[in-house]
Number of protein chains: 2
Amino acid sequence: MKVYMDNNATTMTSPEVVEQMVPFFSEIYGNPNSLHKFGTQSRPALSRAIDQVYKAINASDKDDIVFTSCATESNNWVLQSVWIDKIVNGDKNHIVTTEVEHPSVLSTCKFLEEQGVKVTYLPVNEEGIVEAHTVKSFITEKTALVSIMWANNETGMIFPIKEIGEICKAKGVLFHTDGVQAVGKIPVDMQDVHVDFMSMSAHKFHGPKGIGALYIKDSQELTPMMHGGSQMGGRRSGTLNVPYIIGMGKAIEMATENIEEKMASISAKRNRLEDALLKVIPETFTVGKREHRTPNTILISIRGVEGEGMLWDLNKFDIGASTGSACASEDLEANTVMLAIGADHELAHTGIRLSLSRYTSDEEVDYVIEHFTEAVTRLRAISSSYAIVKPTKGGEAAECHIPAHH
Amino acid sequence: MKVYMDNNATTMTSPEVVEQMVPFFSEIYGNPNSLHKFGTQSRPALSRAIDQVYKAINASDKDDIVFTSCATESNNWVLQSVWIDKIVNGDKNHIVTTEVEHPSVLSTCKFLEEQGVKVTYLPVNEEGIVEAHTVKSFITEKTALVSIMWANNETGMIFPIKEIGEICKAKGVLFHTDGVQAVGKIPVDMQDVHVDFMSMSAHKFHGPKGIGALYIKDSQELTPMMHGGSQMGGRRSGTLNVPYIIGMGKAIEMATENIEEKMASISAKRNRLEDALLKVIPETFTVGKREHRTPNTILISIRGVEGEGMLWDLNKFDIGASTGSACASEDLEANTVMLAIGADHELAHTGIRLSLSRYTSDEEVDYVIEHFTEAVTRLRAISSSYAIVKPTKGGEAAECHIPAHH
């Protein structure tokens, strides 16, 4: 059996999505901006895809949804263009974000700091959440933008976007949210929140890798990042990626229709898996309350078991998991979110993220419970940190002394 | 019969390319940066694709080839990052380009002008070529970058990239070329020219829309435009678009192997079509000497026949063509390249671009000759400009008076 539990990194493209895309490679291949049939015949499918995205996030007709090549582009676009519009060509100089954003936000902020922008990186509380009142206290009259993710990629923690949006609205500050881990996993209603810009990525909800979007409230101004042939009303130039736009439309429709039912089904499997691992394996904890998390995510720490070693053992059993950040999992670094929530450095190296999808089966959950436990037993037996501690207490693994947690 | 002759706008994705891509949607779908098999199993195919691109343009091992979402991104990246690196954070303030670049270069230059950058837009000569000595005369000690396309999208004219590269090298100025209309159509050898940066686009050579690349000589520094998860050695972040990278590799390999044979075959068809149209239809001319053009392109002007009207007539016959620029063909404006080469405004509205591919058959050429001629006859019969002139001469269409050409 092969079990993929790394759906926060990327997902399988649904066969139904591929089926929708394939005719637009070699059969209907014209440039949709052309005047001839080869181009215009793709327009109905493109219109449907755009409608599917609008409907999925309940955007209003006044809003813009612009397709991009990925959420990294959407995030870079907002941050860099607000920099140009409000800081280079305006009187602002400050951006508020968090310590636990995706690298595409954090690295762009580092770049902007090199250009002289002041950036405040807000901490998360012990549960891994950025609290709305914290955001409020750091907004100044020089703040151009608040950029805070809707849900965290490593922990699944859902942030108080509605409250933060109200604060930004009251303060007259632009608000961007990276919605990558929220859209398709939990209900996202753009008419229920005050968000100026929201980034999305198709490959997080069973669409293809290489297509994303940016929601722009009330079609407000934002300098383009891609200048050129004026596609998408001049907001994002470049020949339209027709197959992937159509695929993203289908994927977001499939992910969001009857989303409460899907959430219930996924979280039932997630909870069964989490309960079993916490019960069977001593000295293990998971990050964040379940009701504050996206329904598919577990970030679990196993004292004495280094995350990378665990990944390799799981890999031998054909189980795909991650130590945390989707993008940078080749870097053998401590989990930054775990450090942010106050884990000590040793513990921050033990995080394993298991992220399920609507394609995860009960049999797969059973398989993971069995082999995850097996891997922990093996690795704890050879763990230097765990072994050193164990004899001093003379007890079972379950009773090991835990090094001071600061 | 349906005949697609708009291959400079976009091309059919080759079935062989689609076949290579499809398994990487729903079967091999992991993030290649992951440590588990679901991700790592895509790496051999990715490596092969990268090798295929290196080989196709004869890049050296010291060079970088970075995949982007399209050539619009590649062009924006070079221009905007040279602006940041050499102008905002340096002592340069000037960019040299041409009047006939793709909109993704021209619009980015307009944006940079708004940010205070000086831009020189070089004219083309009567044949539609930018001459190397013209470039030389406009480079100053403040010039940060020269950006000149390898081949023009509307006329197919090939620019003297080797000579311009030598000039830039001698002057110590960075040289970027938009290679979109050259790669896959004519031999492109990066070890034969001095080019710092070259943009490429897969959908111009029967790869998918939504993937491009940037060649970076000697892996030199260039601030990223997409900051984030450090994919592609940190040069372009964002989850890799695995299927399209693999597709681009296959497509560039297919387009460039035995390229001289392919060129000979395509140009034979192009020449037969061009000869026939010039012979049968009076008062018609084509832009540029054939030996200076990419082998697939004809830009033809028919006195008295407005380009858009002609497109509609061709469309009725299921022939796909263009009035010129691929991206903006919805804009009913005069052809900018024709204006640049000195056509009067009326004539600049009569340009029709026919662009063939290696999939164009002899039967398709015959079909276009027949129906193109038919459409011209019909449209000239109802043309106001043509009709007004005709009676004063009392002659046949072939003898019509031509308004002054300045």
# chains A, B, ... in the order shown; residues from 1 in each chain; ligands from 1
>>> select_by_dssp(residues="region 114-174 of chain A", states="strand (DSSP E)", output="list in words")
Lys118, Val119, Thr120, Tyr121, Leu122, Thr143, Ala144, Leu145, Val146, Ser147 and Leu174 of chain A
>>> select_by_dssp(residues="region 101-317 of chain A", states="alpha helix (DSSP H)", output="PyMOL selection string")
chain A and resi 103-114+132-138+161-171+242-256+259-280+307-316
>>> closest_residue(among="A:Met5, A:Tyr359, A:Phe285, A:Ala255", to="His36 (chain B)", atoms="only C-alpha atoms")
A:Met5
>>> closest_residue(among="B:Ser147, B:Ser69, B:Ser237, B:Thr40", to="Ser107 (chain A)", atoms="only C-alpha atoms")
B:Ser237
>>> residues_around(residues="Leu145 (chain A)", least_positions_apart="4", cutoff="6 Å", atoms="only C-alpha atoms", output="number ranges by chain")
A: 95, 173-175
>>> residues_around(residues="region 26-34 of chain B", least_positions_apart="5", cutoff="9 Å", atoms="only C-alpha atoms", output="ChimeraX atom specification")
/A:4,6-7,9-15,18,320-322,326-330 /B:39-43,46,231,239-240,242
>>> write_last_selection(atoms="C-alpha atoms", output="PDB file, in the first residue's frame")
ATOM      1  CA  TYR A   4       0.104   9.970   0.544  1.00  0.00           C
ATOM      2  CA  ASP A   6       1.421  15.310   2.376  1.00  0.00           C
ATOM      3  CA  ASN A   7      -1.584  17.134   0.965  1.00  0.00           C
ATOM      4  CA  ALA A   9       2.464  20.377   0.272  1.00  0.00           C
ATOM      5  CA  THR A  10       0.635  19.418  -2.884  1.00  0.00           C
ATOM      6  CA  THR A  11      -2.226  17.196  -3.953  1.00  0.00           C
ATOM      7  CA  MET A  12      -2.988  14.699  -6.649  1.00  0.00           C
ATOM      8  CA  THR A  13      -4.672  16.385  -9.588  1.00  0.00           C
ATOM      9  CA  SER A  14      -8.166  14.873  -9.696  1.00  0.00           C
ATOM     10  CA  PRO A  15      -8.768  12.653 -12.724  1.00  0.00           C
ATOM     11  CA  VAL A  18      -7.326  16.235 -15.982  1.00  0.00           C
ATOM     12  CA  GLY A 320       4.560  10.309   2.222  1.00  0.00           C
ATOM     13  CA  ALA A 321       4.687  12.898   4.994  1.00  0.00           C
ATOM     14  CA  SER A 322       6.596  16.067   5.756  1.00  0.00           C
ATOM     15  CA  ALA A 326       5.877  22.196   1.995  1.00  0.00           C
ATOM     16  CA  CYS A 327       8.392  24.046  -0.065  1.00  0.00           C
ATOM     17  CA  ALA A 328      11.532  23.785   1.893  1.00  0.00           C
ATOM     18  CA  SER A 329      11.388  20.255   3.168  1.00  0.00           C
ATOM     19  CA  GLU A 330      14.791  19.547   1.701  1.00  0.00           C
TER      20      GLU A 330
ATOM     21  CA  GLY B  39       8.035  13.639  -4.782  1.00  0.00           C
ATOM     22  CA  THR B  40      11.407  12.196  -5.660  1.00  0.00           C
ATOM     23  CA  GLN B  41      10.061   9.911  -8.360  1.00  0.00           C
ATOM     24  CA  SER B  42       9.479  12.911 -10.631  1.00  0.00           C
ATOM     25  CA  ARG B  43      13.105  14.018 -10.431  1.00  0.00           C
ATOM     26  CA  LEU B  46      12.651  16.783 -14.489  1.00  0.00           C
ATOM     27  CA  GLN B 231      12.930  26.394  -5.673  1.00  0.00           C
ATOM     28  CA  THR B 239       6.090  24.789  -6.511  1.00  0.00           C
ATOM     29  CA  LEU B 240       7.505  23.347  -9.721  1.00  0.00           C
ATOM     30  CA  VAL B 242       6.218  19.376 -13.044  1.00  0.00           C
TER      31      VAL B 242
END
>>> closest_residue(among="A:Ala71, A:Val130, A:Met200, A:Ala264", to="chain B", atoms="only C-alpha atoms")
A:Ala71
>>> residues_around(residues="region 211-222 of chain B", least_positions_apart="2", cutoff="9 Å", atoms="only C-alpha atoms", output="PDB file with C-alpha atoms, in the first residue's frame")
ATOM      1  CA  SER A  69       1.032  31.100 -12.099  1.00  0.00           C
ATOM      2  CA  GLY A 210       1.459  26.068 -11.802  1.00  0.00           C
ATOM      3  CA  ASN A 241      -2.818  29.045 -19.492  1.00  0.00           C
TER       4      ASN A 241
ATOM      5  CA  ALA B  59      23.898  26.374 -23.129  1.00  0.00           C
ATOM      6  CA  SER B  60      27.049  25.615 -21.168  1.00  0.00           C
ATOM      7  CA  ASP B  61      27.196  23.900 -17.793  1.00  0.00           C
ATOM      8  CA  LYS B  62      28.094  27.231 -16.216  1.00  0.00           C
ATOM      9  CA  ASP B  63      24.848  28.790 -17.366  1.00  0.00           C
ATOM     10  CA  ASP B  64      21.516  28.687 -15.586  1.00  0.00           C
ATOM     11  CA  ILE B  65      18.189  27.902 -17.172  1.00  0.00           C
ATOM     12  CA  VAL B  66      15.325  28.798 -14.882  1.00  0.00           C
ATOM     13  CA  PHE B  67      11.762  27.803 -15.638  1.00  0.00           C
ATOM     14  CA  THR B  68       9.173  30.564 -15.377  1.00  0.00           C
ATOM     15  CA  SER B  69       5.427  30.719 -16.046  1.00  0.00           C
ATOM     16  CA  CYS B  70       5.877  32.319 -19.479  1.00  0.00           C
ATOM     17  CA  ALA B  71       8.118  34.606 -21.483  1.00  0.00           C
ATOM     18  CA  THR B  72       6.134  37.576 -20.189  1.00  0.00           C
ATOM     19  CA  GLU B  73       7.433  36.628 -16.759  1.00  0.00           C
ATOM     20  CA  SER B  74      10.971  36.128 -18.078  1.00  0.00           C
ATOM     21  CA  ASN B  75      10.923  39.535 -19.775  1.00  0.00           C
ATOM     22  CA  TRP B  77      11.918  39.589 -14.487  1.00  0.00           C
ATOM     23  CA  VAL B  78      14.991  40.749 -16.379  1.00  0.00           C
ATOM     24  CA  SER B  81      15.381  43.108 -11.620  1.00  0.00           C
ATOM     25  CA  VAL B  82      18.013  44.965 -13.610  1.00  0.00           C
ATOM     26  CA  ASP B  85      19.967  45.843  -9.123  1.00  0.00           C
ATOM     27  CA  MET B 190      24.185  30.327 -26.713  1.00  0.00           C
ATOM     28  CA  HIS B 194      27.183  36.898 -26.155  1.00  0.00           C
ATOM     29  CA  VAL B 195      23.798  37.094 -24.473  1.00  0.00           C
ATOM     30  CA  ASP B 196      23.371  37.598 -20.728  1.00  0.00           C
ATOM     31  CA  PHE B 197      19.686  36.717 -20.547  1.00  0.00           C
ATOM     32  CA  MET B 198      17.321  35.063 -23.010  1.00  0.00           C
ATOM     33  CA  SER B 199      13.571  34.543 -22.615  1.00  0.00           C
ATOM     34  CA  MET B 200      11.819  31.468 -24.016  1.00  0.00           C
ATOM     35  CA  SER B 201       8.218  30.280 -24.200  1.00  0.00           C
ATOM     36  CA  ALA B 202       7.113  26.668 -24.665  1.00  0.00           C
ATOM     37  CA  HIS B 203       3.800  27.403 -26.349  1.00  0.00           C
ATOM     38  CA  GLY B 207       4.682  22.963 -25.755  1.00  0.00           C
ATOM     39  CA  PRO B 208       1.946  24.036 -23.330  1.00  0.00           C
ATOM     40  CA  LYS B 209       0.880  27.623 -22.569  1.00  0.00           C
ATOM     41  CA  PRO B 224      14.597  37.090  -8.146  1.00  0.00           C
ATOM     42  CA  MET B 225      11.159  38.361  -9.042  1.00  0.00           C
ATOM     43  CA  ARG B 235      16.153  31.954  -8.458  1.00  0.00           C
ATOM     44  CA  ASN B 241       4.993  22.918 -12.510  1.00  0.00           C
ATOM     45  CA  TYR B 244       4.732  21.529 -17.983  1.00  0.00           C
ATOM     46  CA  ILE B 245       8.484  21.462 -17.331  1.00  0.00           C
ATOM     47  CA  MET B 248       8.612  21.956 -22.388  1.00  0.00           C
TER      48      MET B 248
END
